[in-house]
Amino acid sequence: MSAPRTLYDKIFDDHIVSRQEDGTCLLYIDRHLVHEVTSPQAFEGLRMAGRKVRAPEKTLAVVDHNVPTSPDRHQGIKNEESRIQVEALANNAAEFGVEYYSEKDVRQGIVHIVGPEQGFTLPGMTIVCGDSHTSTHGAFGALAHGIGTSEVEHVLATQTLIQKKAKNMLVRVDGQLPEGVTAKDIILAIIGEIGTAGGTGHVIEFAGEAIRSLSMEGRMTICNMTIEGGARAGLIAPDEKTFEYIKDKPRAPKGKALDMAIDYWKTLYTEEGAHFDRVVVLDAANLPPIVSWGSSPEDVVSVEGTVPNPDDIEDETKRSSKWRALDYMGLKPGTKITDIAIDRVFIGSCTNGRIEDLRAVAAVVEGRKVASTVSAMIVPGSGLVKEQAEKEGLDTIFKAAGFDWREPGCSMCLAMNDDRLKPGERCASTSNRNFEGRQGFKGRTHLVSPAMAAAAAIAGHFVDIRDWQ
Ligand SMILES: CC(C)[C@H](C(=O)O)[C@@H](O)C(=O)O
Ligand code: SF4
């Protein structure tokens, strides 16, 4: 009998085209998502070599990072650099016969929201994209790797990727989440616990009662930020919720093909006794809402806590880097998190720009007003999320509360378009990275859940969402 295998082992094994003696493998790639930032040189490489895209039907291109989110974007993109990038993808997709969603298409949005929404992302598949947050698709039990531009070219040309097998890591979250605590808080707490290098060299499988209880949206939030914990990919075994989510998606199998697919998807789980190189266990019942205080996603604290004192850190390099982070963030040790006033709120991104996130925001802000000191924006993750939100009347709630309701895209998650912080501005953000300058030169980012960002917009400072009435 062969040794029990993890979910990762199974998907990896199933996609090996060839293996070399040193363990380097050629993996077959089932799906390739393409966006405008990491693809221009890859297409140029194909063109120079006179090659075609090997499997255009397994490739999907969409613009997200550079597109403006203002309502007038349909009249053309004013920023020249952005316009050139967007046009390049449109032209490359047309030339190489790849399906393409432009900013005028209702299906357009952030690539990691679009894949699942279209049923392009399915369990058991290998999925790649020239983007680190490709890990998001692991929520469906797909092995999803972010790749670099030269690998994008390799996959376009051959539909394969060179990979060495990573180690297996298990993060088990037991118990039930308390009211007001969300998937975002789970993943921020995990990164706080393991650090941004904690998952290095591993693929993390998330399991346990708290993970099983999450919606597909919540599971995507978890897998999305796996990369911030240093791991190669994140995975959650598919279950009935996964199949339910997938079944009416445009590109998902239908009828008999769906039944057969589900039979296969049910085999995608970690077998009893399978070996994990590292195991981390958390209890969901103990988790509070989390706020990041520094310039790394591991710099997190409970909303009930205070800004930590770096002098308490023994390691000198780490201590000075955390002092630098506090200096950048304009914060003093001992400050209560709930005393930190904010200037901006950004709700969106591939971490928290899905319909469930917007519903959570609406529940908090309905009938209230954004604080006069705060400017707040909500950016749906895709045109379809926007459409659904408007069908439910969420946009009316947002606008009445004083939020800016935008067109879909990456927006202020990273300062690659017109949405950005001004120097010194402090933002409560539902995105995934708080690096220096991430949301704009000298901008200050605090990572939080959608409900926490919404409450901060109304109060003008962080508040414990569990006390919200
Ligand atoms: C621009 C892109 C390559 C980048 C990534 O790889 O993640 C971006 O999406 C990000 O979130 O920083
Ligand atoms: S929303 Fe942010 S994290 Fe996600 S792909 Fe866009 S820039 Fe990257």
# chains A, B, ... in the order shown; residues from 1 in each chain; ligands from 1
>>> residues_around(residues="Glu304 (chain A)", least_positions_apart="6", cutoff="10 Å", atoms="only C-alpha atoms", output="count of residues only")
10
>>> residues_around(residues="Ala459 (chain A)", least_positions_apart="3", cutoff="7 Å", atoms="only C-alpha atoms", output="list in words")
Ala371, Ala455 and Ala456 of chain A
>>> write_last_selection(atoms="N, CA and C atoms", output="JSON list (two decimals), in the first residue's frame")
[["chain", "number", "residue", "atom", "x", "y", "z"],
["A", 371, "ALA", "N", -17.76, 59.55, 9.09],
["A", 371, "ALA", "CA", -17.30, 60.69, 9.89],
["A", 371, "ALA", "C", -16.81, 61.82, 8.98],
["A", 455, "ALA", "N", -16.87, 50.19, 10.30],
["A", 455, "ALA", "CA", -17.11, 50.84, 11.59],
["A", 455, "ALA", "C", -16.14, 52.00, 11.80],
["A", 456, "ALA", "N", -14.89, 51.81, 11.36],
["A", 456, "ALA", "CA", -13.89, 52.88, 11.50],
["A", 456, "ALA", "C", -14.28, 54.09, 10.64]]
>>> closest_atom_pairs(of="chain A", to="ligand 1", cutoff="6 Å", atoms="only C-alpha atoms and all ligand atoms", output="Markdown table")
| residue | atom | partner | partner_atom_place_in_ligand_line | distance |
| --- | --- | --- | --- | --- |
| A:Val37 | CA | ligand 1 | 1 (C) | 5.7 |
| A:Thr38 | CA | ligand 1 | 3 (C) | 5.9 |
| A:Asp131 | CA | ligand 1 | 6 (O) | 3.4 |
| A:Ser132 | CA | ligand 1 | 6 (O) | 3.9 |
| A:His133 | CA | ligand 1 | 7 (O) | 5.3 |
>>> closest_residue(among="A:Gln108, A:Thr221, A:Ser70, A:Thr182", to="Gly381 (chain A)", atoms="only C-alpha atoms")
A:Gln108
>>> residues_near_ligand(ligand="ligand 2", cutoff="6 Å", atoms="only C-alpha atoms and all ligand atoms", output="ChimeraX atom specification")
/A:65,110,133,349-350,410,413-414
>>> atom_distance(atom1="CA of Arg368 (chain A)", atom2="CA of Ala400 (chain A)")
8.1 Å
>>> select_by_dssp(residues="region 306-438 of chain A", states="helix (DSSP H, G or I)", output="number ranges by chain")
A: 310-312, 316-329, 337-339, 349-352, 355-365, 383-391, 394-401, 411-413
>>> write_last_selection(atoms="C-alpha atoms", output="mmCIF file, in the first residue's frame")
data_model
loop_
_atom_site.group_PDB
_atom_site.id
_atom_site.type_symbol
_atom_site.label_atom_id
_atom_site.label_comp_id
_atom_site.auth_asym_id
_atom_site.auth_seq_id
_atom_site.Cartn_x
_atom_site.Cartn_y
_atom_site.Cartn_z
ATOM 1 C CA PRO A 310 9.621 47.337 19.979
ATOM 2 C CA ASP A 311 12.019 47.571 22.932
ATOM 3 C CA ASP A 312 10.393 44.363 24.178
ATOM 4 C CA GLU A 316 18.278 43.724 17.535
ATOM 5 C CA THR A 317 17.621 43.735 13.804
ATOM 6 C CA LYS A 318 13.966 42.989 14.335
ATOM 7 C CA ARG A 319 13.722 45.596 17.089
ATOM 8 C CA SER A 320 15.111 48.361 14.896
ATOM 9 C CA SER A 321 12.926 47.331 11.942
ATOM 10 C CA LYS A 322 9.813 47.527 14.124
ATOM 11 C CA TRP A 323 10.889 50.955 15.427
ATOM 12 C CA ARG A 324 11.253 52.053 11.840
ATOM 13 C CA ALA A 325 7.772 50.702 11.120
ATOM 14 C CA LEU A 326 6.290 52.694 14.010
ATOM 15 C CA ASP A 327 8.092 55.801 12.845
ATOM 16 C CA TYR A 328 6.720 55.310 9.316
ATOM 17 C CA MET A 329 3.255 54.724 10.704
ATOM 18 C CA ILE A 337 -5.736 50.858 18.929
ATOM 19 C CA THR A 338 -9.213 52.326 19.370
ATOM 20 C CA ASP A 339 -7.628 55.769 19.885
ATOM 21 C CA SER A 349 -9.299 44.156 -3.250
ATOM 22 C CA CYS A 350 -9.007 40.456 -4.020
ATOM 23 C CA THR A 351 -8.906 39.851 -0.262
ATOM 24 C CA ASN A 352 -12.241 41.460 0.575
ATOM 25 C CA ILE A 355 -20.365 40.351 -2.381
ATOM 26 C CA GLU A 356 -20.301 38.895 1.133
ATOM 27 C CA ASP A 357 -17.767 41.558 2.146
ATOM 28 C CA LEU A 358 -19.996 44.310 0.801
ATOM 29 C CA ARG A 359 -23.001 42.876 2.624
ATOM 30 C CA ALA A 360 -20.993 42.931 5.865
ATOM 31 C CA VAL A 361 -20.150 46.585 5.252
ATOM 32 C CA ALA A 362 -23.762 47.488 4.485
ATOM 33 C CA ALA A 363 -24.927 45.848 7.724
ATOM 34 C CA VAL A 364 -22.569 48.096 9.706
ATOM 35 C CA VAL A 365 -23.156 51.399 7.911
ATOM 36 C CA GLY A 383 -18.474 44.073 -12.485
ATOM 37 C CA LEU A 384 -20.604 41.127 -11.422
ATOM 38 C CA VAL A 385 -20.059 41.888 -7.730
ATOM 39 C CA LYS A 386 -21.060 45.488 -8.491
ATOM 40 C CA GLU A 387 -24.159 44.371 -10.352
ATOM 41 C CA GLN A 388 -25.205 42.022 -7.539
ATOM 42 C CA ALA A 389 -24.613 44.697 -4.881
ATOM 43 C CA GLU A 390 -26.763 47.147 -6.830
ATOM 44 C CA LYS A 391 -29.498 44.538 -7.251
ATOM 45 C CA LEU A 394 -26.271 48.018 -1.173
ATOM 46 C CA ASP A 395 -24.986 50.907 -3.296
ATOM 47 C CA THR A 396 -27.889 53.044 -2.074
ATOM 48 C CA ILE A 397 -26.930 52.310 1.523
ATOM 49 C CA PHE A 398 -23.281 53.114 0.816
ATOM 50 C CA LYS A 399 -23.978 56.352 -1.006
ATOM 51 C CA ALA A 400 -26.478 57.523 1.630
ATOM 52 C CA ALA A 401 -23.788 56.950 4.254
ATOM 53 C CA SER A 411 -7.793 50.389 -6.969
ATOM 54 C CA MET A 412 -6.165 51.602 -3.754
ATOM 55 C CA CYS A 413 -4.913 48.131 -2.832
#
>>> residues_around(residues="Ile378 (chain A)", least_positions_apart="3", cutoff="8 Å", atoms="only C-alpha atoms", output="mmCIF file with C-alpha atoms, in the first residue's frame")
data_model
loop_
_atom_site.group_PDB
_atom_site.id
_atom_site.type_symbol
_atom_site.label_atom_id
_atom_site.label_comp_id
_atom_site.auth_asym_id
_atom_site.auth_seq_id
_atom_site.Cartn_x
_atom_site.Cartn_y
_atom_site.Cartn_z
ATOM 1 C CA PHE A 346 -10.626 51.500 1.425
ATOM 2 C CA ILE A 347 -13.017 48.589 1.069
ATOM 3 C CA GLY A 348 -12.184 46.255 -1.797
ATOM 4 C CA PHE A 403 -19.157 56.345 0.687
ATOM 5 C CA ASP A 404 -17.755 56.732 -2.781
ATOM 6 C CA TRP A 405 -19.080 53.787 -4.888
ATOM 7 C CA ARG A 406 -16.616 52.896 -7.642
#
>>> closest_residue(among="A:Glu179, A:Glu99, A:Asp185, A:Glu217", to="Trp468 (chain A)", atoms="only C-alpha atoms")
A:Glu179
>>> residues_around(residues="region 253-268 of chain A", least_positions_apart="6", cutoff="10 Å", atoms="only C-alpha atoms", output="mmCIF file with C-alpha atoms, in the first residue's frame")
data_model
loop_
_atom_site.group_PDB
_atom_site.id
_atom_site.type_symbol
_atom_site.label_atom_id
_atom_site.label_comp_id
_atom_site.auth_asym_id
_atom_site.auth_seq_id
_atom_site.Cartn_x
_atom_site.Cartn_y
_atom_site.Cartn_z
ATOM 1 C CA THR A 6 -2.084 15.081 1.517
ATOM 2 C CA LEU A 7 -4.378 17.055 -0.764
ATOM 3 C CA TYR A 8 -1.293 18.860 -2.075
ATOM 4 C CA LYS A 10 -2.501 14.330 -4.774
ATOM 5 C CA ILE A 11 -2.892 17.386 -6.998
ATOM 6 C CA GLY A 119 -16.142 28.808 -12.971
ATOM 7 C CA PHE A 120 -12.707 29.039 -14.589
ATOM 8 C CA LEU A 122 -12.205 24.416 -10.330
ATOM 9 C CA PRO A 123 -11.095 21.889 -7.682
ATOM 10 C CA GLY A 124 -8.095 19.691 -8.371
ATOM 11 C CA MET A 125 -6.715 21.962 -11.056
ATOM 12 C CA PHE A 140 -11.466 25.611 -4.183
ATOM 13 C CA GLY A 141 -8.927 22.865 -3.600
ATOM 14 C CA ALA A 142 -6.936 23.957 -6.660
ATOM 15 C CA ILE A 236 -8.708 24.080 1.388
ATOM 16 C CA ALA A 237 -10.280 20.720 0.576
ATOM 17 C CA PRO A 238 -13.443 21.115 -1.529
ATOM 18 C CA ASP A 239 -16.790 20.142 -0.004
ATOM 19 C CA GLU A 240 -20.533 20.565 -0.639
ATOM 20 C CA THR A 242 -17.585 24.388 -2.957
ATOM 21 C CA PHE A 243 -19.715 22.324 -5.346
ATOM 22 C CA ILE A 246 -19.432 26.276 -8.618
ATOM 23 C CA LYS A 247 -22.445 24.590 -10.104
#
>>> closest_residue(among="A:Gly138, A:Gly192, A:Gly443, A:Pro333", to="Arg420 (chain A)", atoms="only C-alpha atoms")
A:Gly443
>>> residues_around(residues="Ile222 (chain A)", least_positions_apart="4", cutoff="12 Å", atoms="only C-alpha atoms", output="PyMOL selection string")
chain A and resi 133+135-140+171+173+182-191+204-207+210-212+214-218+226-229+233-236+350-352+432+449
>>> write_last_selection(atoms="N, CA and C atoms", output="compact mmCIF listing (two decimals), in the first residue's frame")
# COMPACT_ATOMS: atom_id res chain seq x y z
N HIS A 133 -1.03 36.80 -5.52
CA HIS A 133 -2.27 36.41 -4.83
C HIS A 133 -3.09 35.34 -5.55
N SER A 135 -2.75 32.49 -5.00
CA SER A 135 -3.07 31.57 -3.90
C SER A 135 -4.56 31.57 -3.54
N THR A 136 -5.25 32.66 -3.85
CA THR A 136 -6.70 32.78 -3.58
C THR A 136 -7.48 31.55 -4.07
N HIS A 137 -7.11 31.06 -5.25
CA HIS A 137 -7.87 29.98 -5.89
C HIS A 137 -7.76 28.66 -5.15
N GLY A 138 -6.80 28.60 -4.21
CA GLY A 138 -6.64 27.40 -3.38
C GLY A 138 -7.87 27.13 -2.53
N ALA A 139 -8.72 28.14 -2.36
CA ALA A 139 -9.96 27.98 -1.59
C ALA A 139 -10.87 26.92 -2.21
N PHE A 140 -10.64 26.60 -3.48
CA PHE A 140 -11.47 25.61 -4.18
C PHE A 140 -10.80 24.24 -4.22
N VAL A 171 -2.40 24.13 8.74
CA VAL A 171 -2.87 25.11 9.73
C VAL A 171 -4.30 24.73 10.05
N VAL A 173 -7.64 25.34 12.24
CA VAL A 173 -8.31 26.32 13.08
C VAL A 173 -9.55 25.65 13.66
N THR A 182 -13.94 37.48 11.73
CA THR A 182 -14.14 36.99 10.36
C THR A 182 -12.92 36.23 9.83
N ALA A 183 -13.08 35.74 8.60
CA ALA A 183 -11.97 35.07 7.91
C ALA A 183 -10.72 35.95 7.88
N LYS A 184 -10.92 37.26 7.67
CA LYS A 184 -9.78 38.18 7.62
C LYS A 184 -9.01 38.17 8.93
N ASP A 185 -9.75 38.13 10.04
CA ASP A 185 -9.09 38.10 11.35
C ASP A 185 -8.35 36.79 11.56
N ILE A 186 -8.92 35.69 11.06
CA ILE A 186 -8.23 34.39 11.18
C ILE A 186 -6.88 34.47 10.47
N ILE A 187 -6.89 34.93 9.23
CA ILE A 187 -5.63 34.89 8.47
C ILE A 187 -4.62 35.91 9.00
N LEU A 188 -5.10 37.06 9.44
CA LEU A 188 -4.16 38.03 10.05
C LEU A 188 -3.56 37.43 11.33
N ALA A 189 -4.39 36.74 12.10
CA ALA A 189 -3.88 36.11 13.34
C ALA A 189 -2.86 35.02 13.01
N ILE A 190 -3.13 34.25 11.97
CA ILE A 190 -2.20 33.19 11.58
C ILE A 190 -0.85 33.80 11.18
N ILE A 191 -0.89 34.86 10.37
CA ILE A 191 0.36 35.49 9.93
C ILE A 191 1.09 36.12 11.13
N ILE A 204 0.47 25.43 2.32
CA ILE A 204 -0.33 25.32 3.55
C ILE A 204 -1.72 24.80 3.24
N GLU A 205 -2.13 23.74 3.92
CA GLU A 205 -3.54 23.35 3.86
C GLU A 205 -4.22 23.88 5.12
N PHE A 206 -5.34 24.56 4.92
CA PHE A 206 -6.13 25.07 6.04
C PHE A 206 -7.26 24.09 6.30
N ALA A 207 -7.41 23.70 7.55
CA ALA A 207 -8.46 22.74 7.90
C ALA A 207 -9.00 23.09 9.28
N ALA A 210 -13.44 25.75 12.07
CA ALA A 210 -13.64 27.17 11.73
C ALA A 210 -13.47 27.41 10.23
N ILE A 211 -12.58 26.68 9.60
CA ILE A 211 -12.36 26.84 8.15
C ILE A 211 -13.54 26.23 7.39
N ARG A 212 -13.94 25.04 7.82
CA ARG A 212 -15.10 24.37 7.19
C ARG A 212 -16.35 25.24 7.26
N LEU A 214 -16.58 28.39 7.12
CA LEU A 214 -16.53 29.62 6.31
C LEU A 214 -17.24 29.42 4.98
N SER A 215 -17.79 30.52 4.47
CA SER A 215 -18.34 30.54 3.11
C SER A 215 -17.17 30.44 2.12
N MET A 216 -17.47 30.28 0.84
CA MET A 216 -16.41 30.26 -0.17
C MET A 216 -15.68 31.61 -0.18
N GLU A 217 -16.43 32.70 0.04
CA GLU A 217 -15.81 34.02 0.07
C GLU A 217 -14.77 34.09 1.19
N GLY A 218 -15.17 33.62 2.36
CA GLY A 218 -14.25 33.63 3.51
C GLY A 218 -13.03 32.76 3.25
N THR A 226 -2.36 33.70 2.16
CA THR A 226 -1.36 32.67 2.45
C THR A 226 0.02 33.14 2.05
N ILE A 227 0.05 33.87 0.96
CA ILE A 227 1.31 34.34 0.39
C ILE A 227 1.98 35.33 1.34
N GLU A 228 1.19 36.04 2.10
CA GLU A 228 1.75 36.97 3.09
C GLU A 228 2.40 36.21 4.25
N GLY A 229 2.09 34.93 4.37
CA GLY A 229 2.74 34.09 5.37
C GLY A 229 3.92 33.34 4.76
N ALA A 233 1.70 28.23 -1.69
CA ALA A 233 0.27 28.22 -2.05
C ALA A 233 -0.54 27.86 -0.81
N GLY A 234 -1.83 28.10 -0.88
CA GLY A 234 -2.74 27.70 0.20
C GLY A 234 -3.80 26.79 -0.38
N LEU A 235 -4.33 25.91 0.44
CA LEU A 235 -5.32 24.94 -0.05
C LEU A 235 -6.41 24.71 0.99
N ILE A 236 -7.62 24.54 0.52
CA ILE A 236 -8.71 24.08 1.39
C ILE A 236 -9.42 22.97 0.62
N CYS A 350 -8.72 41.88 -3.85
CA CYS A 350 -9.01 40.46 -4.02
C CYS A 350 -9.10 39.75 -2.68
N THR A 351 -8.75 40.44 -1.60
CA THR A 351 -8.91 39.85 -0.26
C THR A 351 -10.35 39.99 0.21
N ASN A 352 -10.92 41.17 0.02
CA ASN A 352 -12.24 41.46 0.58
C ASN A 352 -13.10 42.33 -0.35
N ASN A 432 -4.51 43.44 1.53
CA ASN A 432 -3.65 42.42 2.14
C ASN A 432 -2.22 42.86 2.42
N SER A 449 -10.68 43.77 8.73
CA SER A 449 -11.80 43.11 8.05
C SER A 449 -12.75 44.18 7.49
